[in-house]
Every structure is written in structure tokens, then in C-alpha cells.
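Undergrad: Below is the file structure-v3.cif, with mmCIF, C-alpha atoms and all ligand atoms.
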```
data_input
#
loop_
_atom_site.group_PDB
_atom_site.id
_atom_site.type_symbol
_atom_site.label_atom_id
_atom_site.label_comp_id
_atom_site.auth_asym_id
_atom_site.auth_seq_id
_atom_site.Cartn_x
_atom_site.Cartn_y
_atom_site.Cartn_z
ATOM 1 C CA MET A 99 -19.314 73.524 -38.422
ATOM 2 C CA PRO A 100 -22.276 75.924 -38.665
ATOM 3 C CA SER A 101 -21.207 79.588 -38.843
ATOM 4 C CA SER A 102 -22.628 82.956 -39.825
ATOM 5 C CA ASN A 103 -21.325 82.073 -43.259
ATOM 6 C CA SER A 104 -23.605 79.047 -43.531
ATOM 7 C CA ALA A 105 -26.331 79.028 -46.163
ATOM 8 C CA VAL A 106 -27.606 75.645 -44.998
ATOM 9 C CA SER A 107 -26.757 73.981 -41.714
ATOM 10 C CA THR A 108 -28.460 70.916 -40.344
ATOM 11 C CA HIS A 109 -28.007 69.264 -36.999
ATOM 12 C CA GLY A 110 -29.237 65.694 -36.674
ATOM 13 C CA LEU A 111 -32.000 66.441 -39.180
ATOM 14 C CA GLY A 112 -34.027 63.332 -39.912
ATOM 15 C CA ILE A 113 -37.412 61.939 -40.805
ATOM 16 C CA SER A 114 -39.107 58.558 -40.504
ATOM 17 C CA TYR A 115 -42.337 57.191 -41.839
ATOM 18 C CA GLY A 116 -43.397 54.731 -39.178
ATOM 19 C CA ASP A 117 -40.504 52.305 -38.853
ATOM 20 C CA ALA A 118 -38.981 53.333 -42.186
ATOM 21 C CA VAL A 119 -36.214 55.900 -41.872
ATOM 22 C CA ALA A 120 -36.117 58.083 -45.003
ATOM 23 C CA LEU A 121 -33.340 60.317 -43.659
ATOM 24 C CA HIS A 122 -31.059 59.303 -40.794
ATOM 25 C CA PRO A 123 -29.900 62.219 -38.603
ATOM 26 C CA LEU A 124 -28.013 64.462 -40.997
ATOM 27 C CA THR A 125 -25.441 67.012 -39.912
ATOM 28 C CA LEU A 126 -24.295 69.100 -42.841
ATOM 29 C CA ASP A 127 -23.036 72.589 -43.497
ATOM 30 C CA VAL A 128 -23.114 74.366 -46.847
ATOM 31 C CA GLN A 129 -21.387 77.719 -46.960
ATOM 32 C CA LYS A 130 -22.756 80.827 -48.644
ATOM 33 C CA GLY A 131 -21.699 81.055 -52.272
ATOM 34 C CA GLU A 132 -21.249 77.321 -52.750
ATOM 35 C CA VAL A 133 -22.696 75.153 -55.494
ATOM 36 C CA PHE A 134 -23.356 72.028 -53.484
ATOM 37 C CA GLY A 135 -24.044 68.751 -55.280
ATOM 38 C CA PHE A 136 -26.059 66.206 -53.332
ATOM 39 C CA LEU A 137 -25.482 62.831 -54.945
ATOM 40 C CA GLY A 138 -27.194 59.520 -54.398
ATOM 41 C CA HIS A 139 -29.009 56.678 -56.074
ATOM 42 C CA ASN A 140 -32.790 56.587 -56.434
ATOM 43 C CA GLY A 141 -34.430 56.438 -53.034
ATOM 44 C CA ALA A 142 -31.325 57.619 -51.152
ATOM 45 C CA GLY A 143 -33.245 60.468 -49.512
ATOM 46 C CA LYS A 144 -32.199 63.482 -51.601
ATOM 47 C CA THR A 145 -35.691 64.779 -52.367
ATOM 48 C CA THR A 146 -36.725 64.199 -48.768
ATOM 49 C CA THR A 147 -33.782 66.349 -47.624
ATOM 50 C CA ILE A 148 -34.711 69.176 -49.995
ATOM 51 C CA ARG A 149 -38.349 68.980 -48.904
ATOM 52 C CA LEU A 150 -37.260 69.282 -45.266
ATOM 53 C CA LEU A 151 -34.974 72.229 -46.016
ATOM 54 C CA THR A 152 -37.666 74.019 -48.023
ATOM 55 C CA THR A 153 -40.175 73.503 -45.138
ATOM 56 C CA LEU A 154 -42.473 71.265 -47.184
ATOM 57 C CA LEU A 155 -41.931 68.435 -44.698
ATOM 58 C CA GLU A 156 -41.486 68.535 -40.925
ATOM 59 C CA PRO A 157 -38.561 66.609 -39.485
ATOM 60 C CA THR A 158 -39.094 63.952 -36.860
ATOM 61 C CA THR A 159 -35.627 64.653 -35.389
ATOM 62 C CA GLY A 160 -33.065 67.444 -35.353
ATOM 63 C CA SER A 161 -33.044 70.965 -36.715
ATOM 64 C CA ALA A 162 -31.815 73.077 -39.599
ATOM 65 C CA ARG A 163 -31.204 76.677 -40.541
ATOM 66 C CA VAL A 164 -31.539 77.859 -44.117
ATOM 67 C CA ALA A 165 -30.456 81.347 -45.199
ATOM 68 C CA GLY A 166 -30.076 82.169 -41.507
ATOM 69 C CA HIS A 167 -33.601 81.100 -40.470
ATOM 70 C CA ASP A 168 -34.810 78.110 -38.498
ATOM 71 C CA ILE A 169 -36.965 75.750 -40.604
ATOM 72 C CA ILE A 170 -39.234 74.885 -37.681
ATOM 73 C CA SER A 171 -39.701 78.205 -35.877
ATOM 74 C CA ASP A 172 -39.397 80.511 -38.920
ATOM 75 C CA PRO A 173 -40.691 78.636 -41.982
ATOM 76 C CA LEU A 174 -42.120 81.758 -43.646
ATOM 77 C CA LYS A 175 -38.764 83.556 -43.458
ATOM 78 C CA VAL A 176 -37.087 80.465 -44.889
ATOM 79 C CA ARG A 177 -39.580 80.394 -47.788
ATOM 80 C CA ALA A 178 -39.034 84.078 -48.516
ATOM 81 C CA ALA A 179 -35.275 83.565 -48.733
ATOM 82 C CA ILE A 180 -35.200 80.456 -50.921
ATOM 83 C CA GLY A 181 -36.154 79.296 -54.385
ATOM 84 C CA TYR A 182 -37.092 75.726 -55.226
ATOM 85 C CA LEU A 183 -37.171 73.976 -58.572
ATOM 86 C CA PRO A 184 -38.793 70.561 -58.050
ATOM 87 C CA GLU A 185 -38.045 67.683 -60.383
ATOM 88 C CA ASN A 186 -41.482 67.986 -61.959
ATOM 89 C CA VAL A 187 -42.383 71.622 -62.355
ATOM 90 C CA ARG A 188 -46.004 72.504 -61.627
ATOM 91 C CA LEU A 189 -47.415 75.269 -63.792
ATOM 92 C CA TYR A 190 -50.842 76.392 -64.957
ATOM 93 C CA ASP A 191 -50.910 74.886 -68.427
ATOM 94 C CA ARG A 192 -53.662 77.137 -69.744
ATOM 95 C CA PHE A 193 -51.775 80.290 -68.752
ATOM 96 C CA THR A 194 -48.903 81.835 -70.670
ATOM 97 C CA THR A 195 -45.416 82.004 -69.192
ATOM 98 C CA ARG A 196 -45.947 85.643 -68.222
ATOM 99 C CA GLU A 197 -49.328 84.918 -66.621
ATOM 100 C CA ASN A 198 -47.835 82.054 -64.617
ATOM 101 C CA LEU A 199 -44.952 84.200 -63.440
ATOM 102 C CA MET A 200 -47.162 87.215 -62.647
ATOM 103 C CA PHE A 201 -49.350 84.946 -60.550
ATOM 104 C CA PHE A 202 -46.366 83.695 -58.525
ATOM 105 C CA ALA A 203 -44.814 87.178 -58.311
ATOM 106 C CA ARG A 204 -48.023 88.576 -56.802
ATOM 107 C CA LEU A 205 -48.405 85.568 -54.537
ATOM 108 C CA SER A 206 -44.941 86.150 -53.091
ATOM 109 C CA GLY A 207 -45.772 89.841 -52.518
ATOM 110 C CA LEU A 208 -43.168 91.357 -54.808
ATOM 111 C CA GLU A 209 -43.438 95.139 -54.959
ATOM 112 C CA LYS A 210 -43.035 95.431 -58.707
ATOM 113 C CA PRO A 211 -44.152 92.060 -60.088
ATOM 114 C CA ALA A 212 -44.155 93.089 -63.766
ATOM 115 C CA ASP A 213 -40.574 94.377 -63.498
ATOM 116 C CA ALA A 214 -39.437 91.205 -61.717
ATOM 117 C CA VAL A 215 -41.038 89.039 -64.413
ATOM 118 C CA HIS A 216 -39.514 91.102 -67.212
ATOM 119 C CA GLU A 217 -36.016 91.039 -65.666
ATOM 120 C CA THR A 218 -36.183 87.313 -64.956
ATOM 121 C CA LEU A 219 -37.327 86.424 -68.480
ATOM 122 C CA ASP A 220 -34.502 88.566 -69.791
ATOM 123 C CA PHE A 221 -31.936 87.022 -67.439
ATOM 124 C CA LEU A 222 -32.907 83.503 -68.514
ATOM 125 C CA ASN A 223 -33.135 84.463 -72.172
ATOM 126 C CA ILE A 224 -36.710 83.245 -72.539
ATOM 127 C CA THR A 225 -38.510 86.454 -73.447
ATOM 128 C CA GLU A 226 -39.763 84.709 -76.602
ATOM 129 C CA LEU A 227 -41.712 82.262 -74.393
ATOM 130 C CA ALA A 228 -43.460 85.055 -72.472
ATOM 131 C CA ASP A 229 -46.786 85.071 -74.292
ATOM 132 C CA ARG A 230 -47.066 81.370 -75.133
ATOM 133 C CA ARG A 231 -49.183 78.915 -73.167
ATOM 134 C CA VAL A 232 -47.015 76.609 -71.083
ATOM 135 C CA GLY A 233 -49.254 73.587 -71.793
ATOM 136 C CA THR A 234 -47.566 73.266 -75.186
ATOM 137 C CA PHE A 235 -43.995 73.385 -73.816
ATOM 138 C CA SER A 236 -41.279 70.722 -73.879
ATOM 139 C CA LYS A 237 -39.680 69.491 -70.653
ATOM 140 C CA GLY A 238 -36.735 71.862 -71.143
ATOM 141 C CA MET A 239 -38.987 74.870 -71.708
ATOM 142 C CA ARG A 240 -41.072 74.026 -68.637
ATOM 143 C CA GLN A 241 -37.851 73.701 -66.665
ATOM 144 C CA ARG A 242 -36.864 77.235 -67.688
ATOM 145 C CA VAL A 243 -40.237 78.638 -66.649
ATOM 146 C CA GLY A 244 -39.969 76.724 -63.357
ATOM 147 C CA LEU A 245 -36.533 78.174 -62.823
ATOM 148 C CA ALA A 246 -37.858 81.663 -63.584
ATOM 149 C CA GLN A 247 -40.536 81.119 -60.966
ATOM 150 C CA ALA A 248 -37.930 79.911 -58.456
ATOM 151 C CA ILE A 249 -35.691 82.987 -58.851
ATOM 152 C CA LEU A 250 -38.317 85.740 -59.370
ATOM 153 C CA HIS A 251 -37.734 87.091 -55.857
ATOM 154 C CA ARG A 252 -33.915 86.761 -56.052
ATOM 155 C CA PRO A 253 -33.530 84.140 -53.305
ATOM 156 C CA ASP A 254 -30.339 83.714 -51.287
ATOM 157 C CA VAL A 255 -30.419 79.939 -51.624
ATOM 158 C CA LEU A 256 -31.719 78.025 -54.624
ATOM 159 C CA PHE A 257 -32.687 74.341 -54.346
ATOM 160 C CA LEU A 258 -32.690 72.314 -57.550
ATOM 161 C CA ASP A 259 -33.980 68.732 -57.603
ATOM 162 C CA GLU A 260 -32.454 66.742 -60.479
ATOM 163 C CA PRO A 261 -32.489 69.876 -62.660
ATOM 164 C CA THR A 262 -31.141 68.213 -65.799
ATOM 165 C CA SER A 263 -33.283 65.074 -65.753
ATOM 166 C CA GLY A 264 -35.052 64.673 -69.078
ATOM 167 C CA LEU A 265 -33.149 67.517 -70.766
ATOM 168 C CA ASP A 266 -31.323 67.078 -74.071
ATOM 169 C CA PRO A 267 -27.554 67.869 -74.190
ATOM 170 C CA MET A 268 -28.175 71.468 -75.263
ATOM 171 C CA GLY A 269 -30.688 71.920 -72.451
ATOM 172 C CA VAL A 270 -28.167 70.499 -69.970
ATOM 173 C CA ARG A 271 -25.481 72.894 -71.168
ATOM 174 C CA GLN A 272 -27.809 75.912 -71.017
ATOM 175 C CA LEU A 273 -28.931 75.011 -67.520
ATOM 176 C CA ARG A 274 -25.330 74.633 -66.401
ATOM 177 C CA GLU A 275 -24.520 78.107 -67.733
ATOM 178 C CA ILE A 276 -27.503 79.552 -65.898
ATOM 179 C CA ILE A 277 -26.404 77.881 -62.651
ATOM 180 C CA ASP A 278 -22.952 79.444 -63.113
ATOM 181 C CA ARG A 279 -24.458 82.894 -63.688
ATOM 182 C CA LEU A 280 -26.803 82.641 -60.709
ATOM 183 C CA ASN A 281 -23.918 81.561 -58.519
ATOM 184 C CA ALA A 282 -21.733 84.377 -59.859
ATOM 185 C CA ALA A 283 -24.550 86.760 -58.881
ATOM 186 C CA GLY A 284 -24.187 85.522 -55.289
ATOM 187 C CA MET A 285 -26.792 82.764 -55.042
ATOM 188 C CA THR A 286 -25.949 79.611 -53.102
ATOM 189 C CA ILE A 287 -27.056 76.526 -55.014
ATOM 190 C CA PHE A 288 -28.080 73.217 -53.430
ATOM 191 C CA MET A 289 -28.536 70.674 -56.182
ATOM 192 C CA ASN A 290 -29.731 67.071 -56.057
ATOM 193 C CA THR A 291 -28.382 64.858 -58.760
ATOM 194 C CA HIS A 292 -27.325 61.334 -59.549
ATOM 195 C CA LEU A 293 -25.064 62.494 -62.369
ATOM 196 C CA LEU A 294 -21.358 62.667 -61.595
ATOM 197 C CA SER A 295 -20.654 64.677 -64.738
ATOM 198 C CA GLU A 296 -22.959 67.385 -63.399
ATOM 199 C CA VAL A 297 -21.153 67.768 -60.088
ATOM 200 C CA ALA A 298 -17.704 67.631 -61.646
ATOM 201 C CA ARG A 299 -18.541 70.619 -63.869
ATOM 202 C CA SER A 300 -20.693 72.826 -61.683
ATOM 203 C CA CYS A 301 -20.133 72.070 -58.013
ATOM 204 C CA THR A 302 -17.746 73.538 -55.454
ATOM 205 C CA SER A 303 -18.466 70.730 -52.992
ATOM 206 C CA ILE A 304 -20.358 67.462 -52.846
ATOM 207 C CA GLY A 305 -22.069 65.119 -50.455
ATOM 208 C CA VAL A 306 -23.114 61.544 -51.140
ATOM 209 C CA LEU A 307 -26.223 60.092 -49.555
ATOM 210 C CA ALA A 308 -26.758 56.322 -49.398
ATOM 211 C CA GLN A 309 -29.841 54.739 -47.874
ATOM 212 C CA GLY A 310 -30.606 57.934 -45.981
ATOM 213 C CA ARG A 311 -27.093 58.438 -44.580
ATOM 214 C CA LEU A 312 -24.425 60.937 -45.558
ATOM 215 C CA VAL A 313 -21.464 58.748 -46.489
ATOM 216 C CA PHE A 314 -19.136 61.281 -48.111
ATOM 217 C CA ARG A 315 -18.626 65.041 -47.971
ATOM 218 C CA ASP A 316 -15.789 67.134 -49.367
ATOM 219 C CA THR A 317 -14.904 70.101 -51.555
ATOM 220 C CA MET A 318 -14.547 69.553 -55.290
ATOM 221 C CA GLN A 319 -10.988 70.881 -54.948
ATOM 222 C CA VAL A 320 -10.062 68.010 -52.650
ATOM 223 C CA VAL A 321 -12.090 65.514 -54.667
ATOM 224 C CA ALA A 322 -10.449 66.605 -57.936
ATOM 225 C CA ALA A 323 -6.949 66.445 -56.420
ATOM 226 C CA ARG A 324 -7.549 63.018 -54.931
ATOM 227 C CA TYR A 325 -9.596 61.264 -57.571
ATOM 228 C CA ASP A 326 -9.493 61.370 -61.336
ATOM 229 C CA GLU A 327 -12.758 61.089 -63.228
ATOM 230 C CA HIS A 328 -12.584 57.309 -63.347
ATOM 231 C CA SER A 329 -11.808 56.734 -59.686
ATOM 232 C CA LEU A 330 -14.334 59.388 -58.696
ATOM 233 C CA GLU A 331 -16.931 57.257 -60.368
ATOM 234 C CA GLU A 332 -15.718 54.223 -58.437
ATOM 235 C CA LEU A 333 -15.791 56.175 -55.209
ATOM 236 C CA TYR A 334 -19.313 57.347 -55.910
ATOM 237 C CA VAL A 335 -20.618 53.936 -56.883
ATOM 238 C CA GLY A 336 -18.857 52.414 -53.864
ATOM 239 C CA VAL A 337 -20.091 54.849 -51.239
ATOM 240 C CA ALA A 338 -23.556 55.152 -52.738
ATOM 241 C CA ALA A 339 -23.927 51.389 -52.592
ATOM 242 C CA GLY A 340 -22.591 51.383 -49.036
ATOM 243 C CA HIS A 341 -19.534 49.313 -49.997
ATOM 244 C CA SER A 342 -16.885 51.792 -48.952
ATOM 245 C CA GLU A 343 -15.486 52.877 -45.618
ATOM 246 C CA VAL A 344 -15.112 56.504 -46.813
ATOM 247 C CA ALA A 345 -16.653 58.642 -44.086
ATOM 248 C CA ALA A 346 -18.167 62.102 -44.214
HETATM 249 N N1 LIG B 401 -44.403 59.806 -47.842
HETATM 250 C C1 LIG B 401 -43.587 58.755 -47.728
HETATM 251 N N2 LIG B 401 -43.961 57.655 -47.044
HETATM 252 C C2 LIG B 401 -43.131 56.598 -46.897
HETATM 253 N N3 LIG B 401 -41.883 56.542 -47.405
HETATM 254 C C3 LIG B 401 -41.455 57.602 -48.089
HETATM 255 C C4 LIG B 401 -42.257 58.773 -48.304
HETATM 256 N N4 LIG B 401 -41.535 59.671 -49.021
HETATM 257 C C5 LIG B 401 -40.339 59.091 -49.269
HETATM 258 N N5 LIG B 401 -40.293 57.863 -48.722
HETATM 259 C C6 LIG B 401 -39.139 56.942 -48.788
HETATM 260 O O1 LIG B 401 -37.990 57.643 -48.375
HETATM 261 C C7 LIG B 401 -36.838 57.212 -49.119
HETATM 262 C C8 LIG B 401 -36.145 58.398 -49.738
HETATM 263 O O2 LIG B 401 -36.926 58.917 -50.825
HETATM 264 P P1 LIG B 401 -36.477 60.188 -51.669
HETATM 265 O O3 LIG B 401 -37.581 60.497 -52.635
HETATM 266 O O4 LIG B 401 -36.062 61.269 -50.758
HETATM 267 O O5 LIG B 401 -35.208 59.646 -52.433
HETATM 268 P P2 LIG B 401 -34.341 60.330 -53.595
HETATM 269 O O6 LIG B 401 -32.911 60.173 -53.216
HETATM 270 O O7 LIG B 401 -34.809 61.713 -53.865
HETATM 271 O O8 LIG B 401 -34.666 59.395 -54.831
HETATM 272 P P3 LIG B 401 -35.056 59.756 -56.347
HETATM 273 O O9 LIG B 401 -33.790 60.122 -57.014
HETATM 274 O O10 LIG B 401 -35.634 58.453 -56.833
HETATM 275 O O11 LIG B 401 -36.083 60.857 -56.301
HETATM 276 C C9 LIG B 401 -37.344 56.179 -50.120
HETATM 277 O O12 LIG B 401 -37.125 54.913 -49.611
HETATM 278 C C10 LIG B 401 -38.826 56.475 -50.203
HETATM 279 O O13 LIG B 401 -39.560 55.319 -50.531
#
```
As C-alpha cells, how would this structure be written, given the file I've shared?

TA:
Amino acid sequence: MPSSNSAVSTHGLGISYGDAVALHPLTLDVQKGEVFGFLGHNGAGKTTTIRLLTTLLEPTTGSARVAGHDIISDPLKVRAAIGYLPENVRLYDRFTTRENLMFFARLSGLEKPADAVHETLDFLNITELADRRVGTFSKGMRQRVGLAQAILHRPDVLFLDEPTSGLDPMGVRQLREIIDRLNAAGMTIFMNTHLLSEVARSCTSIGVLAQGRLVFRDTMQVVAARYDEHSLEELYVGVAAGHSEVAA
């Protein structure tokens, strides 16, 4: 049920490309302060959902509110209140980390861009990357700079699309710690993933999308009480493949 405590609420939100339905009408509520894990196989519609919620795509049906603002009538307010880390971070390779971040800080109209950049680099523990060109960076380093860019303006809701894909185990662990700290600082996190291990460790609630439909939704508390790690995997594989009757 949408409420004033909702960080994300969608009502029949959907999109089609011609006859192909990428997202069937989705009704979903994510409360403020949650770390929500959106699970699904490749092509399930997770990125499409994030792109709708971040106003990068327009829905063909339904509506949604993000951080209290309507994605269709108030897209600029939505953008000001959210951060988005896409799966493949786009940065200016010939610029240093600091130059990239200063560019985005100015673009988003921050009052004290240099302070915001300094504090964010410090928060993410990447001050040593500040004056290096990002074109030489590994996937994990680029991910950190992308995350810095996404949180420069201290958004209320942070969208992460497959944030650990391509990271080594240390990178995965560091990212998980950062997610915990951001959440502890009050940020709601909406995270796409196909990794069960990721949701089990970080998330307070999960949803499973299969072929563009939400087929499961519950809190991690309920999930953990009802399913052990092994059966959770079975549940996920079952619902994601559309073989289970488990309903949202
Ligand atoms: N511009 C487009 N035109 C036509 N079909 C599209 C378009 N964008 C996405 N789709 C289709 O919508 C469906 C959902 O894609 P989406 O990228 O959201 O899935 P996903 O769950 O994020 O998968 P992945 O984990 O592989 O990124 C897919 O079948 C995809 O082919």
C-alpha cells in the first residue's frame, strides 16, 4: 500500500515496445529506509523498471512516485531526489576523478561543489583516485567513481543496477559495506541483481521479476524465517522461471 512512508510506489506501471511487453503493469511499494533487492534473470525487466523510475523512460501504462514525486508530472524533482548507478558507468575518460565529479556537481547545481566532491571522495575512501584519469581505471574503480557521482547530492533514494557485476570478491565486499553505510545514513536503496547471495546479505526486502511480471515480494525477515539458503535458491529459480505458484 502506498503511504507517506513510501520511497517508491508504483501503480500499474508498465511499458511495451510495439507488441512486446517489457514490463507488465507493476504495483509495488518500497518503504523509506529499505534496501530493496529486485531479482530476476536476464531480460526479466529489471533495468527497464529502474529506467522508468529514474525518468529515463516514459511508461505506456500506470504511474509511479519516487521520493514523493510523480515520475510523469514532476520528473525534475524526481531526478533531484535520486541517485542512479547504471550497470555500465559513463565517465569522461580523459578527465580525472575530481574533474568528472566537479562536472557533475556543477551540472546538478550544488551550492558548494568542491566541498561535496571532497566529502564524497572521503566517504567512499577513494581520495587517492582523485587526481588520476578515469580512462586507466579497472571496473571496480570506475564503479566507485560512478557511485560517487550518484551520491554527490545526497539523494533520498539510490538506484543501483547490478552493482557488483564484474567486481572481484574484495570489490563486492567493499561495495556491500558502502551500501550498508549509505543505508545507515538514511538512504533508501533499490538494487537490481540476479545474485541471491547479494540480497541475502544486504537487503531488507526482495521482489522477483519474471518475464516482466512481479512474481514474489516479501521482507527478508519473512523470507529468512521461511526458507533456508538452499530452498531460497529453489524458490528463486522456480519463480524466476515461472514454474511456481508463489504470488506477490
Ligand atoms: N528499447 C527496447 N526495444 C525493444 N525491447 C526492449 C527494449 N529495451 C528492453 N527491451 C526488452 O525488454 C525486456 C526487459 O529488458 P531489461 O533490460 O529490462 O531486462 P533485465 O531484467 O534488466 O535484464 P539484464 O539483467 O539482462 O539487464 C527484454 O526482453 C528486452 O529485450

Undergrad: Give me, please, the distance in Å between CA of Gly131 (chain A) and CA of Val176 (chain A), quoted to one decimal.

TA: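 Calculated distance between CA of Gly131 (chain A) and CA of Val176 (chain A) is 17.1 Å.
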
Undergrad: Could you give me, as a tab-separated table, every chain A residue with an atom at most 9 Å from ligand LIG 401 (chain B), plus its closest atom pair and distance in Å to one decimal, counting all atoms listed in the file, rows ordered by chain then number?

TA:
```
residue	atom	partner	partner_atom	distance
A:Ile113	CA	B:LIG401	O1	8.7
A:Ser114	CA	B:LIG401	N3	7.7
A:Tyr115	CA	B:LIG401	C2	5.2
A:Gly116	CA	B:LIG401	C2	7.9
A:Ala118	CA	B:LIG401	N3	6.8
A:Val119	CA	B:LIG401	O1	7.0
A:Ala120	CA	B:LIG401	O1	3.9
A:Leu121	CA	B:LIG401	C8	7.0
A:Leu137	CA	B:LIG401	O6	8.1
A:Gly138	CA	B:LIG401	O6	5.9
A:His139	CA	B:LIG401	O9	6.0
A:Asn140	CA	B:LIG401	O10	3.4
A:Gly141	CA	B:LIG401	O5	3.4
A:Ala142	CA	B:LIG401	O6	3.6
A:Gly143	CA	B:LIG401	O4	3.2
A:Lys144	CA	B:LIG401	O6	3.8
A:Thr145	CA	B:LIG401	O7	3.5
A:Thr146	CA	B:LIG401	O4	3.6
A:Thr147	CA	B:LIG401	O4	6.4
A:Ile148	CA	B:LIG401	O4	8.1
A:Arg149	CA	B:LIG401	O4	8.3
A:Glu185	CA	B:LIG401	O11	8.2
A:Asp259	CA	B:LIG401	O7	8.0
A:Glu260	CA	B:LIG401	O9	7.6
A:Asn290	CA	B:LIG401	O7	7.7
A:Thr291	CA	B:LIG401	O9	7.4
A:His292	CA	B:LIG401	O9	7.0
A:Leu307	CA	B:LIG401	O6	7.6
A:Ala308	CA	B:LIG401	O6	8.2
A:Gln309	CA	B:LIG401	O12	7.5
A:Gly310	CA	B:LIG401	C8	6.7
```

Undergrad: Name the residues in contact with Leu273 (chain A) at a cut-off of 12 Å, using all atoms listed in the file, excluding same-chain residues fewer than 5 positions from it; report them as a PyMOL selection string.

TA: chain A and resi 222-223+238-239+241-246+258+260-263+265-268+278-280+296+299-300

Undergrad: With C-alpha atoms retained, write the just-selected residues as a tab-separated table (two decimals), keeping the file's coordinate frame.

TA:
```
chain	number	residue	atom	x	y	z
A	222	LEU	CA	-32.91	83.50	-68.51
A	223	ASN	CA	-33.14	84.46	-72.17
A	238	GLY	CA	-36.74	71.86	-71.14
A	239	MET	CA	-38.99	74.87	-71.71
A	241	GLN	CA	-37.85	73.70	-66.67
A	242	ARG	CA	-36.86	77.24	-67.69
A	243	VAL	CA	-40.24	78.64	-66.65
A	244	GLY	CA	-39.97	76.72	-63.36
A	245	LEU	CA	-36.53	78.17	-62.82
A	246	ALA	CA	-37.86	81.66	-63.58
A	258	LEU	CA	-32.69	72.31	-57.55
A	260	GLU	CA	-32.45	66.74	-60.48
A	261	PRO	CA	-32.49	69.88	-62.66
A	262	THR	CA	-31.14	68.21	-65.80
A	263	SER	CA	-33.28	65.07	-65.75
A	265	LEU	CA	-33.15	67.52	-70.77
A	266	ASP	CA	-31.32	67.08	-74.07
A	267	PRO	CA	-27.55	67.87	-74.19
A	268	MET	CA	-28.18	71.47	-75.26
A	278	ASP	CA	-22.95	79.44	-63.11
A	279	ARG	CA	-24.46	82.89	-63.69
A	280	LEU	CA	-26.80	82.64	-60.71
A	296	GLU	CA	-22.96	67.39	-63.40
A	299	ARG	CA	-18.54	70.62	-63.87
A	300	SER	CA	-20.69	72.83	-61.68
```

Undergrad: Starting from the shown file, work through the PyMOL selection byres (((chain A and resi 206) around 12) and not hetatm) and note down what comes out as an MDAnalysis selection string.

TA: chainID A and resid 174:175 177:181 199:205 207:211 214 247:253

Undergrad: With all atoms listed in the file as the counted atoms, please give the residues lying no more than 12 Å from Phe134 (chain A), apart from itself and same-chain residues fewer than 4 positions off, as an MDAnalysis selection string.

TA: chainID A and resid 105:106 126:130 255:259 277 281 285:291 296:306 315:318

Undergrad: Need the shell around Ala228 (chain A): protein/DNA/RNA residues with any atom at most 9 Å away, counting all atoms listed in the file. Skip same-chain ones fewer than 3 positions apart. Format as a PDB file with C-alpha atoms, in the frame of the given file?

TA:
```pdb
ATOM      1  CA  THR A 194     -48.903  81.835 -70.670  1.00  0.00           C
ATOM      2  CA  THR A 195     -45.416  82.004 -69.192  1.00  0.00           C
ATOM      3  CA  ARG A 196     -45.947  85.643 -68.222  1.00  0.00           C
ATOM      4  CA  GLU A 197     -49.328  84.918 -66.621  1.00  0.00           C
ATOM      5  CA  HIS A 216     -39.514  91.102 -67.212  1.00  0.00           C
ATOM      6  CA  LEU A 219     -37.327  86.424 -68.480  1.00  0.00           C
ATOM      7  CA  ILE A 224     -36.710  83.245 -72.539  1.00  0.00           C
ATOM      8  CA  THR A 225     -38.510  86.454 -73.447  1.00  0.00           C
ATOM      9  CA  ARG A 231     -49.183  78.915 -73.167  1.00  0.00           C
TER      10      ARG A 231
END
```

Undergrad: For Glu132 (chain A), which residue out of A:Leu155, A:Val313, A:Ala282, A:Val215 is the nearest one, using all atoms listed in the file?

TA: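 Comparing A:Leu155, A:Val313, A:Ala282, A:Val215 against Glu132 (chain A), the winner is A:Ala282.
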
Undergrad: Nearest to Val187 (chain A): which of A:Val133, A:Val232, A:Leu151, A:Ala212 is it, counting only C-alpha atoms?

TA: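 Closest to Val187 (chain A), using only C-alpha atoms: A:Val232.
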
Undergrad: Could you tell me how far CA of Ser236 (chain A) sits from CA of Tyr190 (chain A), in Å to one decimal place?

TA: 14.3 Å

Undergrad: Which of these residues is nearest to His167 (chain A), using only C-alpha atoms: A:Gln272, A:Ala322, A:Glu217, A:Ser107?

TA: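 Of A:Gln272, A:Ala322, A:Glu217, A:Ser107, the one nearest His167 (chain A), counting only C-alpha atoms, is A:Ser107.
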